[in-house]
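S.K.: What follows is coords23.cif, mmCIF, C-alpha atoms.
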```cif
data_structure
loop_
_atom_site.label_atom_id
_atom_site.label_comp_id
_atom_site.auth_asym_id
_atom_site.auth_seq_id
_atom_site.Cartn_x
_atom_site.Cartn_y
_atom_site.Cartn_z
CA MET A 69 144.43 -7.36 -12.25
CA SER A 70 148.15 -7.80 -11.63
CA ARG A 71 151.12 -6.12 -13.29
CA ALA A 72 154.11 -7.93 -14.79
CA ALA A 73 157.40 -6.25 -15.69
CA LEU A 74 159.59 -7.48 -18.55
CA LEU A 75 163.30 -6.64 -18.72
CA GLN A 76 164.80 -6.43 -22.18
CA MET A 77 168.57 -6.35 -21.87
CA THR A 78 171.84 -6.64 -23.76
CA SER A 79 173.77 -9.05 -21.57
CA GLY A 80 177.52 -9.05 -22.02
CA ILE A 81 180.61 -10.96 -21.00
CA ASP A 82 180.91 -9.39 -17.51
CA PRO A 83 178.62 -11.09 -14.95
CA ALA A 84 179.05 -8.23 -12.45
CA ALA A 85 177.77 -5.67 -14.96
CA ASN A 86 174.85 -7.90 -15.88
CA ALA A 87 174.02 -8.37 -12.20
CA ARG A 88 173.90 -4.59 -11.71
CA THR A 89 171.43 -4.29 -14.59
CA LEU A 90 169.23 -6.99 -13.06
CA VAL A 91 169.29 -5.47 -9.57
CA GLU A 92 168.39 -2.01 -10.93
CA ALA A 93 165.53 -3.51 -12.95
CA ILE A 94 164.10 -5.22 -9.87
CA ALA A 95 164.01 -1.89 -8.03
CA GLN A 96 162.38 -0.17 -11.02
CA ALA A 97 159.82 -2.95 -11.44
CA LYS A 98 158.81 -2.63 -7.80
CA SER A 99 158.49 1.15 -8.14
CA GLY A 100 156.35 0.60 -11.24
CA GLY A 101 153.84 -1.49 -9.35
CA ALA A 102 154.79 -4.91 -10.70
CA ALA A 103 153.98 -8.06 -8.78
CA MET A 104 156.71 -9.95 -10.64
CA VAL A 105 159.56 -9.17 -13.06
CA PHE A 106 160.75 -11.40 -15.92
CA THR A 107 164.28 -11.37 -17.36
CA PRO A 108 165.76 -12.92 -20.53
CA GLU A 109 167.62 -16.13 -21.24
CA MET A 110 171.28 -15.96 -20.20
CA SER A 111 170.74 -12.86 -18.09
CA GLY A 112 173.98 -13.37 -16.18
CA LEU A 113 176.43 -14.05 -19.01
CA LEU A 114 176.15 -14.08 -22.81
CA ASP A 115 179.48 -15.17 -24.25
CA GLY A 116 179.97 -17.50 -27.18
CA ASN A 117 183.70 -17.75 -26.51
CA ARG A 118 183.81 -20.84 -24.32
CA ASP A 119 187.43 -20.39 -23.24
CA ARG A 120 186.80 -16.84 -22.09
CA ALA A 121 183.47 -17.71 -20.48
CA ARG A 122 184.66 -20.82 -18.64
CA PRO A 123 186.15 -19.02 -15.58
CA ASN A 124 182.75 -17.34 -15.03
CA TYR A 125 180.77 -20.57 -14.79
CA ARG A 126 179.68 -21.34 -11.23
CA SER A 127 177.53 -23.84 -9.43
CA GLU A 128 174.11 -22.64 -8.35
CA THR A 129 175.25 -22.18 -4.74
CA GLU A 130 178.25 -20.08 -5.82
CA ASP A 131 176.78 -18.05 -8.67
CA PRO A 132 177.16 -14.32 -7.86
CA VAL A 133 174.41 -13.22 -10.25
CA LEU A 134 171.86 -15.55 -8.68
CA ALA A 135 172.93 -14.35 -5.22
CA ALA A 136 172.54 -10.69 -6.24
CA VAL A 137 169.09 -11.28 -7.71
CA ARG A 138 167.90 -13.22 -4.65
CA ASP A 139 169.12 -10.42 -2.40
CA ALA A 140 167.39 -7.75 -4.51
CA ALA A 141 164.14 -9.76 -4.60
CA ALA A 142 164.15 -9.94 -0.80
CA ARG A 143 165.09 -6.26 -0.30
CA HIS A 144 162.36 -5.01 -2.62
CA GLY A 145 159.77 -7.67 -1.79
CA LEU A 146 159.29 -8.69 -5.43
CA TRP A 147 158.97 -12.04 -7.20
CA VAL A 148 161.50 -12.59 -10.01
CA HIS A 149 161.58 -14.98 -12.92
CA LEU A 150 165.29 -15.08 -13.72
CA GLY A 151 165.07 -16.17 -17.35
CA SER A 152 168.17 -18.33 -17.22
CA LEU A 153 171.78 -18.62 -16.13
CA ALA A 154 174.55 -20.93 -17.30
CA VAL A 155 174.89 -23.08 -14.17
CA LEU A 156 177.73 -25.53 -13.62
CA ARG A 157 176.44 -29.00 -12.79
CA GLU A 158 178.18 -31.52 -10.54
CA ASP A 159 179.20 -33.58 -13.60
CA GLY A 160 181.12 -30.61 -15.03
CA LYS A 161 178.59 -29.83 -17.76
CA LEU A 162 176.32 -26.80 -17.87
CA ALA A 163 172.58 -26.37 -17.47
CA ASN A 164 170.68 -23.51 -19.07
CA ARG A 165 168.59 -22.99 -15.93
CA ALA A 166 165.65 -20.70 -15.14
CA PHE A 167 164.78 -19.70 -11.57
CA VAL A 168 161.57 -18.47 -9.96
CA ILE A 169 162.46 -16.47 -6.85
CA ASP A 170 159.88 -15.27 -4.33
CA ASP A 171 159.66 -11.97 -2.48
CA THR A 172 161.80 -13.30 0.38
CA GLY A 173 164.63 -14.32 -1.97
CA GLU A 174 163.86 -18.04 -1.83
CA VAL A 175 164.05 -20.14 -4.98
CA ARG A 176 160.59 -21.59 -5.57
CA ALA A 177 161.29 -23.42 -8.83
CA ARG A 178 164.04 -24.36 -11.27
CA TYR A 179 163.77 -25.41 -14.89
CA ASP A 180 166.56 -26.64 -17.18
CA LYS A 181 166.03 -25.97 -20.89
CA MET A 182 164.84 -29.19 -22.51
CA HIS A 183 165.42 -28.46 -26.21
CA LEU A 184 168.97 -27.43 -27.14
CA PHE A 185 169.66 -25.09 -30.07
CA ASP A 186 171.80 -27.03 -32.59
CA VAL A 187 171.29 -25.32 -35.96
CA ASP A 188 173.02 -23.96 -39.03
CA LEU A 189 171.40 -20.79 -40.38
CA PRO A 190 171.47 -19.48 -43.98
CA THR A 191 173.39 -16.44 -42.71
CA GLY A 192 176.34 -18.69 -41.87
CA GLU A 193 175.64 -18.66 -38.14
CA SER A 194 176.15 -22.07 -36.54
CA TRP A 195 175.08 -22.92 -32.99
CA ARG A 196 175.73 -26.14 -31.05
CA GLU A 197 174.26 -25.67 -27.60
CA SER A 198 174.59 -29.39 -26.90
CA ASN A 199 178.40 -29.11 -27.03
CA SER A 200 178.32 -27.38 -23.63
CA TYR A 201 174.88 -27.93 -22.11
CA THR A 202 172.89 -30.89 -20.84
CA ALA A 203 169.17 -30.86 -21.63
CA GLY A 204 166.61 -30.70 -18.85
CA GLU A 205 164.50 -33.71 -18.01
CA GLY A 206 160.97 -32.37 -17.50
CA PRO A 207 158.46 -29.50 -17.48
CA VAL A 208 157.84 -27.28 -14.44
CA VAL A 209 154.77 -25.34 -13.24
CA VAL A 210 154.92 -23.11 -10.15
CA ASP A 211 152.42 -20.94 -8.26
CA THR A 212 153.20 -17.19 -8.42
CA PRO A 213 151.33 -13.96 -7.60
CA LEU A 214 150.32 -13.76 -11.27
CA GLY A 215 148.96 -17.31 -11.43
CA LYS A 216 150.33 -20.75 -12.25
CA LEU A 217 153.48 -20.18 -14.28
CA GLY A 218 154.75 -22.71 -16.83
CA LEU A 219 158.46 -22.49 -17.60
CA ALA A 220 160.20 -22.72 -20.98
CA ILE A 221 163.35 -21.22 -22.51
CA CYS A 222 163.93 -19.88 -26.04
CA TYR A 223 164.20 -22.85 -28.48
CA ASP A 224 161.58 -24.71 -26.40
CA LEU A 225 159.12 -22.35 -28.12
CA ARG A 226 159.16 -24.53 -31.24
CA PHE A 227 157.85 -27.62 -29.44
CA PRO A 228 154.12 -27.26 -28.74
CA ASP A 229 153.90 -30.54 -26.82
CA LEU A 230 155.82 -28.89 -23.97
CA PHE A 231 153.26 -26.09 -23.75
CA ARG A 232 150.38 -28.54 -23.98
CA THR A 233 151.86 -30.36 -20.98
CA LEU A 234 152.27 -27.11 -19.06
CA SER A 235 148.70 -25.98 -19.67
CA ASN A 236 147.38 -29.46 -18.87
CA ALA A 237 149.17 -29.08 -15.53
CA GLY A 238 147.27 -25.86 -14.84
CA ALA A 239 149.55 -23.15 -16.21
CA THR A 240 147.73 -19.90 -16.95
CA ILE A 241 150.91 -17.98 -17.80
CA LEU A 242 153.80 -19.23 -19.93
CA ALA A 243 157.29 -17.73 -19.55
CA VAL A 244 159.55 -17.88 -22.62
CA PRO A 245 162.78 -15.98 -21.91
CA ALA A 246 164.97 -15.89 -24.99
CA ALA A 247 168.08 -14.80 -26.85
CA PHE A 248 166.64 -15.22 -30.36
CA THR A 249 168.89 -14.64 -33.36
CA ARG A 250 167.75 -11.87 -35.70
CA PRO A 251 166.99 -14.11 -38.72
CA THR A 252 164.88 -16.56 -36.73
CA GLY A 253 163.33 -13.77 -34.67
CA ALA A 254 162.16 -11.82 -37.70
CA ALA A 255 160.69 -14.95 -39.26
CA HIS A 256 159.14 -16.77 -36.31
CA TRP A 257 159.19 -14.97 -32.93
CA HIS A 258 155.81 -13.23 -33.02
CA VAL A 259 153.87 -15.97 -34.77
CA LEU A 260 155.13 -18.77 -32.53
CA LEU A 261 154.51 -16.89 -29.29
CA ARG A 262 151.01 -15.90 -30.36
CA ALA A 263 150.30 -19.50 -31.37
CA ARG A 264 151.43 -20.82 -27.98
CA ALA A 265 149.16 -18.32 -26.22
CA ILE A 266 146.16 -19.22 -28.37
CA GLU A 267 146.70 -23.00 -28.13
CA ALA A 268 147.02 -22.91 -24.37
CA GLY A 269 144.46 -20.18 -23.69
CA ALA A 270 147.16 -18.58 -21.55
CA PHE A 271 149.16 -15.39 -21.15
CA VAL A 272 152.68 -15.52 -22.60
CA LEU A 273 155.49 -13.38 -21.17
CA ALA A 274 158.68 -13.45 -23.23
CA ALA A 275 161.57 -11.31 -21.99
CA ALA A 276 164.31 -11.16 -24.61
CA GLN A 277 167.89 -10.22 -25.25
CA THR A 278 168.39 -7.36 -27.70
CA GLY A 279 171.02 -5.54 -29.71
CA GLU A 280 174.73 -5.99 -30.35
CA HIS A 281 176.51 -8.04 -27.70
CA ALA A 282 180.12 -7.95 -26.55
CA ASP A 283 180.76 -11.46 -27.91
CA GLY A 284 179.80 -10.32 -31.43
CA ARG A 285 176.30 -11.76 -31.71
CA ALA A 286 173.13 -9.77 -32.43
CA THR A 287 169.76 -10.62 -30.88
CA TYR A 288 166.25 -9.79 -32.00
CA GLY A 289 164.67 -8.07 -28.99
CA HIS A 290 160.90 -7.55 -29.17
CA SER A 291 160.07 -8.75 -25.67
CA LEU A 292 156.38 -9.60 -25.79
CA ALA A 293 153.40 -9.94 -23.51
CA ILE A 294 150.48 -11.72 -25.18
CA ASP A 295 147.01 -12.43 -23.84
CA PRO A 296 145.11 -15.75 -24.18
CA TRP A 297 143.29 -14.55 -27.31
CA GLY A 298 146.63 -13.92 -29.01
CA ASP A 299 146.49 -10.13 -28.71
CA VAL A 300 149.87 -8.45 -28.16
CA LEU A 301 149.75 -6.41 -24.96
CA LEU A 302 153.37 -5.27 -25.11
CA ASP A 303 156.04 -5.26 -27.83
CA MET A 304 159.25 -3.60 -26.66
CA GLY A 305 160.89 -3.35 -30.08
CA MET A 306 164.68 -3.14 -30.01
CA PRO A 307 165.64 -0.75 -27.16
CA ALA A 308 166.83 -2.23 -23.88
CA GLY A 309 164.74 -1.33 -20.84
CA LEU A 310 161.77 -2.26 -18.72
CA GLY A 311 158.19 -2.69 -19.92
CA PHE A 312 154.92 -3.43 -18.13
CA ALA A 313 151.82 -5.47 -18.95
CA GLU A 314 148.57 -6.07 -17.07
CA ILE A 315 147.57 -9.67 -16.37
CA ASP A 316 143.78 -9.81 -16.15
CA ALA A 317 142.40 -13.07 -14.74
CA ALA A 318 138.96 -12.18 -16.08
CA ARG A 319 140.38 -12.08 -19.61
CA LEU A 320 141.72 -15.60 -19.16
CA GLU A 321 138.34 -16.91 -17.97
CA ASP A 322 136.53 -15.17 -20.83
CA VAL A 323 138.79 -16.62 -23.54
CA ARG A 324 138.70 -20.12 -22.10
CA ALA A 325 134.91 -19.98 -21.90
CA ARG A 326 134.58 -18.80 -25.50
CA VAL A 327 137.00 -21.35 -26.97
CA PRO A 328 137.40 -24.21 -24.45
CA VAL A 329 140.39 -25.85 -26.10
CA LEU A 330 141.71 -27.37 -22.88
CA ARG A 331 138.43 -29.20 -22.28
CA HIS A 332 138.32 -30.41 -25.89
CA ARG A 333 141.82 -31.89 -25.93
CA ARG A 334 142.13 -35.59 -26.63
CA VAL A 335 144.96 -38.08 -26.37
CA ILE A 336 146.19 -38.50 -29.94
CA PRO A 337 147.15 -42.06 -30.96
CA GLU A 338 149.93 -42.93 -33.39
CA ALA A 339 149.10 -42.08 -36.99
CA ILE A 340 147.79 -44.85 -39.21
CA ARG A 341 149.81 -45.30 -42.38
CA ALA A 342 147.42 -45.38 -45.31
#
```
Using structure tokens, write down the structure from this file.

M.R.:
Amino acid sequence: MSRAALLQMTSGIDPAANARTLVEAIAQAKSGGAAMVFTPEMSGLLDGNRDRARPNYRSETEDPVLAAVRDAAARHGLWVHLGSLAVLREDGKLANRAFVIDDTGEVRARYDKMHLFDVDLPTGESWRESNSYTAGEGPVVVDTPLGKLGLAICYDLRFPDLFRTLSNAGATILAVPAAFTRPTGAAHWHVLLRARAIEAGAFVLAAAQTGEHADGRATYGHSLAIDPWGDVLLDMGMPAGLGFAEIDAARLEDVRARVPVLRHRRVIPEAIRA
């Protein structure tokens, strides 16, 4: 049995303030007995005003939030899944990039969000992530103290083929950090996360943004931990803060033995038009 910590936060437009929240959460997660802490998408900066945000974009080697988190991970001896940062690429575009950092502060894995959020919602909200970001090129699985961790980010949740690939590659835990809008969160967040857990026979850990943000947006919250049977182990509701969930390897083995979906998977050919 291992313990995971999930940070639910209200990231703003000041990277230094967001970094302080992350560093404090790492210390609290360690004190709470966690083996690893998970943070939301865009933990370092959440700002829809591109002109205002632009001076805060940094390359990975120069990003102060990443540096602060790596230092805190090493000081407290704790693994961290940094849900994502807006990282400046060499070509001048941005990557929405997740990091897995070990207990010495070393980056063990990186994942760039593959599916970009380009939608128009009935509420009038319009999002064009592809205007600023370049999509990632492939899935990532990494060994962690909790097990083999498959990486995804927010809108990736709607594409089950990604999670099939991750579980085929051995993932027993799926990380889905997010900044879900309230309309889409209320409609789809719980059901999609539970479906991904059930389909993969895996734990799902989804640390989320919550509340009213400095750039004017509102996010759904409800950071979730879900077991391989689809049972919700933790639902953090709307308040910001730190939550804990137990990751039981025996539960994983039991569910996969009862419903061996991974063993029953087949390669699906193209559909025949009747």

S.K.: Could you tell me which residues the PyMOL selection byres ((chain A and resi 102-106) around 6) grabs in this file, written as a list of chain:residue names?

M.R.: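 For this structure, the PyMOL selection byres ((chain A and resi 102-106) around 6) resolves to A:Arg71, A:Ala72, A:Ala73, A:Leu74, A:Ala97, A:Lys98, A:Gly100, A:Gly101, A:Thr107, A:Leu146, A:Trp147, A:Val148, A:His149.
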
S.K.: I need the residue nearest Glu280 in chain A from this list: A:Ala247, A:Ala317, A:Ala85, A:Leu162. Use all atoms listed in the file for the distance.

M.R.: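 Residue with the minimum atom-to-atom distance to Glu280 in chain A: A:Ala247.
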
S.K.: Counting only C-alpha atoms, which of A:Ala135, A:Ala325, A:Leu260, A:Ala203 gets nearest to Arg157 in chain A?

M.R.: A:Ala203

S.K.: Excluding same-chain residues fewer than 2 positions from Ala141 in chain A, what lies within 8 Å of it counting all atoms listed in the file, as a count of residues only?

M.R.: 15

S.K.: Could you give me, as a PyMOL selection string, the residues within 8 Å of range 75-83 of chain A, counting all atoms listed in the file and dropping anything in the same chain fewer than 4 positions from it?

M.R.: chain A and resi 87+93+105-108+110-115+121+124+132-133+275-283+289+291+304+307-311

S.K.: For Leu214 in chain A, which residue out of A:Ile315, A:Ala243, A:Val91, A:Ala154 is the nearest one, using all atoms listed in the file?

M.R.: A:Ile315

S.K.: So which one's closest to Val335 in chain A, A:Pro296, A:Ala263, A:Leu234, A:Asp229? Using all atoms listed in the file, please.

M.R.: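 Nearest candidate to Val335 in chain A out of A:Pro296, A:Ala263, A:Leu234, A:Asp229: A:Asp229.
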
S.K.: Using all atoms listed in the file, find all polymer residues with an atom at most 12 Å away from the point (137.2, -14.2, -23.0); report them as a PyMOL selection string.

M.R.: chain A and resi 266+269-270+295-299+316-328

S.K.: Between A:Thr252, A:Asn86, A:Thr212, A:Thr202, which one has atoms that come closest to Leu225 in chain A, using only C-alpha atoms?

M.R.: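 Looking at the shortest contact to Leu225 in chain A, the residue is A:Thr252.
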
S.K.: Evaluate the PyMOL selection byres ((chain A and resi 200) around 7) against this structure - the residues, as a ChimeraX atom specification, please.

M.R.: /A:161-162,197-199,201
